[in-house]
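Enquirer: Questions regarding the structure given below will be posed in turn.
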Amino acid sequence: MSDAWPPALKDWVAKCLGRTTPANKDAVQAELRNVIQEAFASKTLWTVDWAGIELPSLTPKPTATPAQTLLKRKAETPNIHAANNNKKSKKASPAKYTPFAASEDQLSKEKRARRFEREHEIERRRHLGLATTSHSPFTTGTATPPTFGGDYDGDELAPDPNVIDWDQHTIVGRSQQLFKEYLRLTEHPNPDNIRPLSVLERTLQELKIKWKTDNNYNWICSQFKSLRQDLTVQRIKTSFTVLVYEIHARMALEAVDMVEFNQCLQTLKLLYEMGLPGRKDEFTAYRILYMLHAKQRSDLNKLIGELTPEQKAHKDIRHALDVGTALSTSNYHRLFQLFAVAPNMGGYIMDFFVARERVRALMVMCKAYLAIPLSFAAAELAFEEVTELHDFLLSHKAAFYNETTTSQISDKNLNCKLASPVLSAAFEEKYKRVTLLKSI
């Protein structure tokens with residue numbers, strides 16, 4: 001089948017493909033297909049001088065002078081009489097694509113692609129605070145045209161009517177109500193029910209006071225979700241947005257609400273990637289601890305690979321990485337030392353997997369000893385009181401003690417021979433099975 005194609009054609013196709021770039025690759029391939037199909041249909045594959053054919057997308061585009069532009073417009077002006085005389089002939093013979101003529105469609109596509117890239121850059125710079133727009137609800141000041149350098153063409157500054165200007169459709173709230181219950185939006189948001197940024201800032205201060213005085217998490221959570229919703233519909237992404245999600249994440253941790261905490265954590269990741277200021281190192285450490293709890297090993301490895309040396313040296317992240325090392329090496333002695341000195345609210349996240357690791361540690365101890373003093377085991381497993389270890393063993397039905405002459409719990413010794421199989425069965429039933437279900 002390869003003998004059916006002329007060698008000159010093969011060389012020409014290879015030369016054209018070698019000159020392609022990511023920007024014009026699709027256009028070059030489309031033009032190659034059209035040219036070859038036309039030659040094949042006309043049975044001129046072996047007679048065409050392929051080396052002399054130049055594709056429009058690979059032809060350098062010269063800059064037209066004003067005189068040339070005027071001549072071009074005159075040449076393109078339709079002749080009314082000629083149009084009337086040739087109307088029937090045009091209907092009978094539709095316009096035929098000529099691969100050797102300049103492709104106006106390709107030029108417009110490239111121009112539109114450059115405009116989209118510029119609009120994306122403007123959006124990114126606005127989020128970073130590098131450029132402002134006079135009609136934006138998030139920023140104030142005089143509009144400053146961004147400078148991109150390179151081949152920027154000043155005549156493209158005018159907006160394209162075919163491209164939606166989202167800033168014109170951005171909602172600016174008018175409600176002055178401080179507190180509002182969260183309701184899922186089922187229709188286009190009404191500005192009369194949306195609070196502007198100035199009101200949302202006062203709402204946040206009042207919610208912080210309410211949390212300290214009333215400590216009603218269900219109501220506080222609904223208020224924070226409503227606050228976050230008002231920020232979202234108004235497209236407000238500033239340092240205040242970061243602060244709202246950080247505070248809500250801490251409250252969710254304190255209330256043992258891992259669903260809301262994880263949602264806040266994922267949104268904060270995106271906000272930090274936009275360059276917005278906040279407690280990035282603290283919440284990066286929380287992400288590491290949460291992945292250790294959920295055993296998301298692939299995501300954890302990816303996150304660790306993205307950390308910079310400065311981030312790894314930060315005390316919060318360094319602590320979280322040490323916890324991961326202790327877990328992977330089954331070093332329970334080091335693990336519970338780190339649990340006792342967890343910075344910020346890291347201990348709240350470790351609470352979710354520390355019980356599992358305590359059972360695992362007791363299983364290792366019971367294989368090494370015949371009997372373990374409860375006072376020693378309590379200190380080793382970071383229990384504040386020996387009675388807490390006793391209650392922990394009772395909850396796992398592993399409270400087997402050697403006979404002693406005293407009734408004090410602190411003086412009792414755990415019978416490892418009797419406790420070991422019970423602890424193993426409890427671990428398989430209560431922790432390993434839950435882990436498998438989470439994976440599914």
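Residues are named by chain letter and number: chains run A, B, ... in the order of the structure tokens, numbers start at 1 in each chain, and ligands are numbered from 1 in the order shown.
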Report as a ChimeraX atom specification all protein, DNA and RNA residues lying within 12 Å of Glu181 (chain A), evaluated on only C-alpha atoms, omitting residues in the same chain fewer than 5 positions from it.
Expert: /A:193-194,218-230
Enquirer: Could you turn the residues from that selection into a file that holds N, CA and C atoms, as a PDB file, in the first residue's frame?
Expert:
ATOM      1  N   ASN A 193     -31.224  39.243  48.323  1.00  0.00           N
ATOM      2  CA  ASN A 193     -31.002  38.226  49.362  1.00  0.00           C
ATOM      3  C   ASN A 193     -29.526  37.915  49.572  1.00  0.00           C
ATOM      4  N   ILE A 194     -28.657  38.609  48.864  1.00  0.00           N
ATOM      5  CA  ILE A 194     -27.219  38.390  48.956  1.00  0.00           C
ATOM      6  C   ILE A 194     -26.584  39.548  49.714  1.00  0.00           C
ATOM      7  N   ASN A 218     -24.352  23.482  65.061  1.00  0.00           N
ATOM      8  CA  ASN A 218     -25.298  23.301  63.959  1.00  0.00           C
ATOM      9  C   ASN A 218     -25.724  24.652  63.381  1.00  0.00           C
ATOM     10  N   TRP A 219     -26.012  25.604  64.263  1.00  0.00           N
ATOM     11  CA  TRP A 219     -26.408  26.928  63.793  1.00  0.00           C
ATOM     12  C   TRP A 219     -25.223  27.649  63.165  1.00  0.00           C
ATOM     13  N   ILE A 220     -24.057  27.545  63.811  1.00  0.00           N
ATOM     14  CA  ILE A 220     -22.850  28.205  63.285  1.00  0.00           C
ATOM     15  C   ILE A 220     -22.480  27.653  61.909  1.00  0.00           C
ATOM     16  N   CYS A 221     -22.581  26.342  61.745  1.00  0.00           N
ATOM     17  CA  CYS A 221     -22.231  25.720  60.467  1.00  0.00           C
ATOM     18  C   CYS A 221     -23.158  26.207  59.360  1.00  0.00           C
ATOM     19  N   SER A 222     -24.460  26.300  59.647  1.00  0.00           N
ATOM     20  CA  SER A 222     -25.408  26.797  58.654  1.00  0.00           C
ATOM     21  C   SER A 222     -25.088  28.238  58.267  1.00  0.00           C
ATOM     22  N   GLN A 223     -24.706  29.053  59.257  1.00  0.00           N
ATOM     23  CA  GLN A 223     -24.369  30.452  58.978  1.00  0.00           C
ATOM     24  C   GLN A 223     -23.100  30.561  58.127  1.00  0.00           C
ATOM     25  N   PHE A 224     -22.121  29.725  58.419  1.00  0.00           N
ATOM     26  CA  PHE A 224     -20.877  29.772  57.647  1.00  0.00           C
ATOM     27  C   PHE A 224     -21.100  29.291  56.211  1.00  0.00           C
ATOM     28  N   LYS A 225     -21.926  28.277  56.027  1.00  0.00           N
ATOM     29  CA  LYS A 225     -22.214  27.812  54.673  1.00  0.00           C
ATOM     30  C   LYS A 225     -22.966  28.883  53.884  1.00  0.00           C
ATOM     31  N   SER A 226     -23.843  29.613  54.554  1.00  0.00           N
ATOM     32  CA  SER A 226     -24.534  30.720  53.901  1.00  0.00           C
ATOM     33  C   SER A 226     -23.562  31.838  53.554  1.00  0.00           C
ATOM     34  N   LEU A 227     -22.620  32.114  54.454  1.00  0.00           N
ATOM     35  CA  LEU A 227     -21.608  33.137  54.196  1.00  0.00           C
ATOM     36  C   LEU A 227     -20.744  32.733  53.000  1.00  0.00           C
ATOM     37  N   ARG A 228     -20.332  31.483  52.966  1.00  0.00           N
ATOM     38  CA  ARG A 228     -19.525  30.990  51.851  1.00  0.00           C
ATOM     39  C   ARG A 228     -20.301  31.052  50.535  1.00  0.00           C
ATOM     40  N   GLN A 229     -21.601  30.781  50.590  1.00  0.00           N
ATOM     41  CA  GLN A 229     -22.436  30.841  49.393  1.00  0.00           C
ATOM     42  C   GLN A 229     -22.504  32.262  48.842  1.00  0.00           C
ATOM     43  N   ASP A 230     -22.653  33.261  49.729  1.00  0.00           N
ATOM     44  CA  ASP A 230     -22.696  34.653  49.285  1.00  0.00           C
ATOM     45  C   ASP A 230     -21.367  35.072  48.661  1.00  0.00           C
TER      46      ASP A 230
END
Enquirer: Identify, on the basis of only C-alpha atoms, every residue whose closest approach to Ala249 (chain A) does not exceed 12 Å; exclude the query and any residue fewer than 6 positions from it along the same chain; express the result as a VMD selection string.
Expert: chain A and resid 220 to 221 224 to 225 242 to 243 255 to 268 279 282 to 283 286 to 287 345 348 to 349
Enquirer: Output the selection as a JSON list (two decimals), in the first residue's frame - N, CA, C and O atoms for each residue.
Expert:
[["chain", "number", "residue", "atom", "x", "y", "z"],
["A", 220, "ILE", "N", -24.06, 27.55, 63.81],
["A", 220, "ILE", "CA", -22.85, 28.21, 63.28],
["A", 220, "ILE", "C", -22.48, 27.65, 61.91],
["A", 220, "ILE", "O", -22.13, 28.40, 60.99],
["A", 221, "CYS", "N", -22.58, 26.34, 61.74],
["A", 221, "CYS", "CA", -22.23, 25.72, 60.47],
["A", 221, "CYS", "C", -23.16, 26.21, 59.36],
["A", 221, "CYS", "O", -22.71, 26.51, 58.25],
["A", 224, "PHE", "N", -22.12, 29.73, 58.42],
["A", 224, "PHE", "CA", -20.88, 29.77, 57.65],
["A", 224, "PHE", "C", -21.10, 29.29, 56.21],
["A", 224, "PHE", "O", -20.51, 29.84, 55.27],
["A", 225, "LYS", "N", -21.93, 28.28, 56.03],
["A", 225, "LYS", "CA", -22.21, 27.81, 54.67],
["A", 225, "LYS", "C", -22.97, 28.88, 53.88],
["A", 225, "LYS", "O", -22.74, 29.06, 52.68],
["A", 242, "VAL", "N", -10.27, 33.45, 52.18],
["A", 242, "VAL", "CA", -9.38, 32.47, 52.81],
["A", 242, "VAL", "C", -9.63, 32.43, 54.31],
["A", 242, "VAL", "O", -9.71, 31.34, 54.91],
["A", 243, "LEU", "N", -9.78, 33.60, 54.93],
["A", 243, "LEU", "CA", -10.01, 33.66, 56.37],
["A", 243, "LEU", "C", -11.30, 32.95, 56.76],
["A", 243, "LEU", "O", -11.36, 32.22, 57.77],
["A", 255, "ALA", "N", -15.67, 20.50, 66.31],
["A", 255, "ALA", "CA", -16.97, 19.84, 66.44],
["A", 255, "ALA", "C", -16.97, 18.43, 65.85],
["A", 255, "ALA", "O", -18.03, 17.81, 65.75],
["A", 256, "VAL", "N", -15.81, 17.93, 65.43],
["A", 256, "VAL", "CA", -15.65, 16.59, 64.86],
["A", 256, "VAL", "C", -16.54, 16.43, 63.62],
["A", 256, "VAL", "O", -17.19, 15.39, 63.42],
["A", 257, "ASP", "N", -16.59, 17.45, 62.80],
["A", 257, "ASP", "CA", -17.34, 17.40, 61.54],
["A", 257, "ASP", "C", -16.32, 17.31, 60.39],
["A", 257, "ASP", "O", -15.90, 18.31, 59.81],
["A", 258, "MET", "N", -15.93, 16.09, 60.05],
["A", 258, "MET", "CA", -14.89, 15.89, 59.04],
["A", 258, "MET", "C", -15.39, 16.16, 57.62],
["A", 258, "MET", "O", -14.60, 16.43, 56.73],
["A", 259, "VAL", "N", -16.69, 16.12, 57.40],
["A", 259, "VAL", "CA", -17.22, 16.39, 56.07],
["A", 259, "VAL", "C", -17.00, 17.86, 55.71],
["A", 259, "VAL", "O", -16.43, 18.18, 54.66],
["A", 260, "GLU", "N", -17.43, 18.76, 56.60],
["A", 260, "GLU", "CA", -17.23, 20.19, 56.34],
["A", 260, "GLU", "C", -15.75, 20.55, 56.37],
["A", 260, "GLU", "O", -15.29, 21.40, 55.62],
["A", 261, "PHE", "N", -15.01, 19.90, 57.25],
["A", 261, "PHE", "CA", -13.57, 20.18, 57.33],
["A", 261, "PHE", "C", -12.89, 19.84, 56.01],
["A", 261, "PHE", "O", -12.07, 20.62, 55.50],
["A", 262, "ASN", "N", -13.23, 18.70, 55.44],
["A", 262, "ASN", "CA", -12.61, 18.29, 54.18],
["A", 262, "ASN", "C", -13.01, 19.22, 53.04],
["A", 262, "ASN", "O", -12.20, 19.54, 52.16],
["A", 263, "GLN", "N", -14.27, 19.69, 53.02],
["A", 263, "GLN", "CA", -14.70, 20.63, 51.99],
["A", 263, "GLN", "C", -13.92, 21.93, 52.09],
["A", 263, "GLN", "O", -13.47, 22.48, 51.08],
["A", 264, "CYS", "N", -13.76, 22.44, 53.31],
["A", 264, "CYS", "CA", -12.98, 23.66, 53.50],
["A", 264, "CYS", "C", -11.52, 23.45, 53.08],
["A", 264, "CYS", "O", -10.89, 24.33, 52.49],
["A", 265, "LEU", "N", -10.99, 22.28, 53.40],
["A", 265, "LEU", "CA", -9.60, 21.98, 53.09],
["A", 265, "LEU", "C", -9.36, 21.98, 51.58],
["A", 265, "LEU", "O", -8.35, 22.52, 51.10],
["A", 266, "GLN", "N", -10.29, 21.41, 50.82],
["A", 266, "GLN", "CA", -10.14, 21.36, 49.37],
["A", 266, "GLN", "C", -10.25, 22.75, 48.75],
["A", 266, "GLN", "O", -9.51, 23.09, 47.82],
["A", 267, "THR", "N", -11.18, 23.57, 49.26],
["A", 267, "THR", "CA", -11.31, 24.93, 48.73],
["A", 267, "THR", "C", -10.09, 25.77, 49.07],
["A", 267, "THR", "O", -9.61, 26.57, 48.25],
["A", 268, "LEU", "N", -9.56, 25.61, 50.28],
["A", 268, "LEU", "CA", -8.37, 26.36, 50.66],
["A", 268, "LEU", "C", -7.18, 26.00, 49.79],
["A", 268, "LEU", "O", -6.36, 26.87, 49.46],
["A", 279, "ARG", "N", -2.87, 30.97, 56.15],
["A", 279, "ARG", "CA", -2.06, 30.03, 56.94],
["A", 279, "ARG", "C", -1.82, 28.77, 56.12],
["A", 279, "ARG", "O", -2.27, 27.68, 56.47],
["A", 282, "GLU", "N", 0.13, 25.80, 57.91],
["A", 282, "GLU", "CA", -0.69, 25.13, 58.92],
["A", 282, "GLU", "C", -1.68, 24.17, 58.28],
["A", 282, "GLU", "O", -1.81, 23.01, 58.70],
["A", 283, "PHE", "N", -2.36, 24.62, 57.23],
["A", 283, "PHE", "CA", -3.39, 23.78, 56.62],
["A", 283, "PHE", "C", -2.79, 22.74, 55.68],
["A", 283, "PHE", "O", -3.43, 21.73, 55.40],
["A", 286, "TYR", "N", -2.36, 20.01, 58.04],
["A", 286, "TYR", "CA", -3.64, 19.34, 58.27],
["A", 286, "TYR", "C", -3.98, 18.38, 57.13],
["A", 286, "TYR", "O", -4.51, 17.29, 57.36],
["A", 287, "ARG", "N", -3.68, 18.79, 55.91],
["A", 287, "ARG", "CA", -3.94, 17.92, 54.76],
["A", 287, "ARG", "C", -3.13, 16.63, 54.85],
["A", 287, "ARG", "O", -3.64, 15.54, 54.56],
["A", 345, "MET", "N", -4.07, 22.64, 65.72],
["A", 345, "MET", "CA", -5.18, 21.70, 65.93],
["A", 345, "MET", "C", -4.88, 20.34, 65.30],
["A", 345, "MET", "O", -5.78, 19.57, 64.98],
["A", 348, "TYR", "N", -6.45, 17.24, 66.94],
["A", 348, "TYR", "CA", -7.84, 16.90, 66.64],
["A", 348, "TYR", "C", -7.93, 15.90, 65.49],
["A", 348, "TYR", "O", -8.77, 15.00, 65.50],
["A", 349, "ILE", "N", -7.07, 16.07, 64.48],
["A", 349, "ILE", "CA", -7.08, 15.13, 63.36],
["A", 349, "ILE", "C", -6.46, 13.80, 63.77],
["A", 349, "ILE", "O", -6.96, 12.73, 63.38]]
Enquirer: Measure the distance from CA of Leu207 (chain A) to CA of Glu254 (chain A) in Å and round it to one decimal.
Expert: 15.2 Å
Enquirer: Please, what distance in Å, to one decimal, runs between CA of Gln311 (chain A) and CA of His248 (chain A)?
Expert: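 Rounded to one decimal, the two atoms are 23.7 Å apart.
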Enquirer: Set the distance at 9 Å and use only C-alpha atoms: which residues neighbour Glu388 (chain A) once local chain neighbours fewer than 5 positions away are removed? I'd like the list as a list in words.
Expert: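 So the residues in contact are Ala378, Phe383 and Leu393 of chain A.
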Enquirer: Env of Arg195 (chain A): 9 Å cut, atoms = only C-alpha atoms, seq-sep filter 5 positions within chain, self excluded. Answer as a PyMOL selection string.
Expert: chain A and resi 172-178+200+227+230-231
Enquirer: Include C-alpha atoms and write out the residues we just selected as a CSV table (one decimal), in the first residue's frame.
Expert:
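result.csv, freshly written:
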chain,number,residue,atom,x,y,z
A,172,VAL,CA,-23.4,42.6,43.9
A,173,GLY,CA,-25.5,41.9,47.0
A,174,ARG,CA,-27.8,44.5,48.6
A,175,SER,CA,-29.0,42.7,51.7
A,176,GLN,CA,-28.0,44.2,55.1
A,177,GLN,CA,-29.1,41.1,57.1
A,178,LEU,CA,-26.2,39.9,59.3
A,200,LEU,CA,-20.1,39.7,55.3
A,227,LEU,CA,-21.6,33.1,54.2
A,230,ASP,CA,-22.7,34.7,49.3
A,231,LEU,CA,-19.0,34.9,48.6
Enquirer: My list of candidates is A:Glu310, A:Thr241, A:Glu380, A:Leu423. Which is closest to Ala399 (chain A) when distances are computed with only C-alpha atoms?
Expert: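 Smallest distance to Ala399 (chain A) is found for A:Leu423.
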Enquirer: Per DSSP on the backbone, what are the strand (DSSP E or B) residues of region 333-414 of chain A, as a PyMOL selection string?
Expert: chain A and resi 371-373+401+413-414
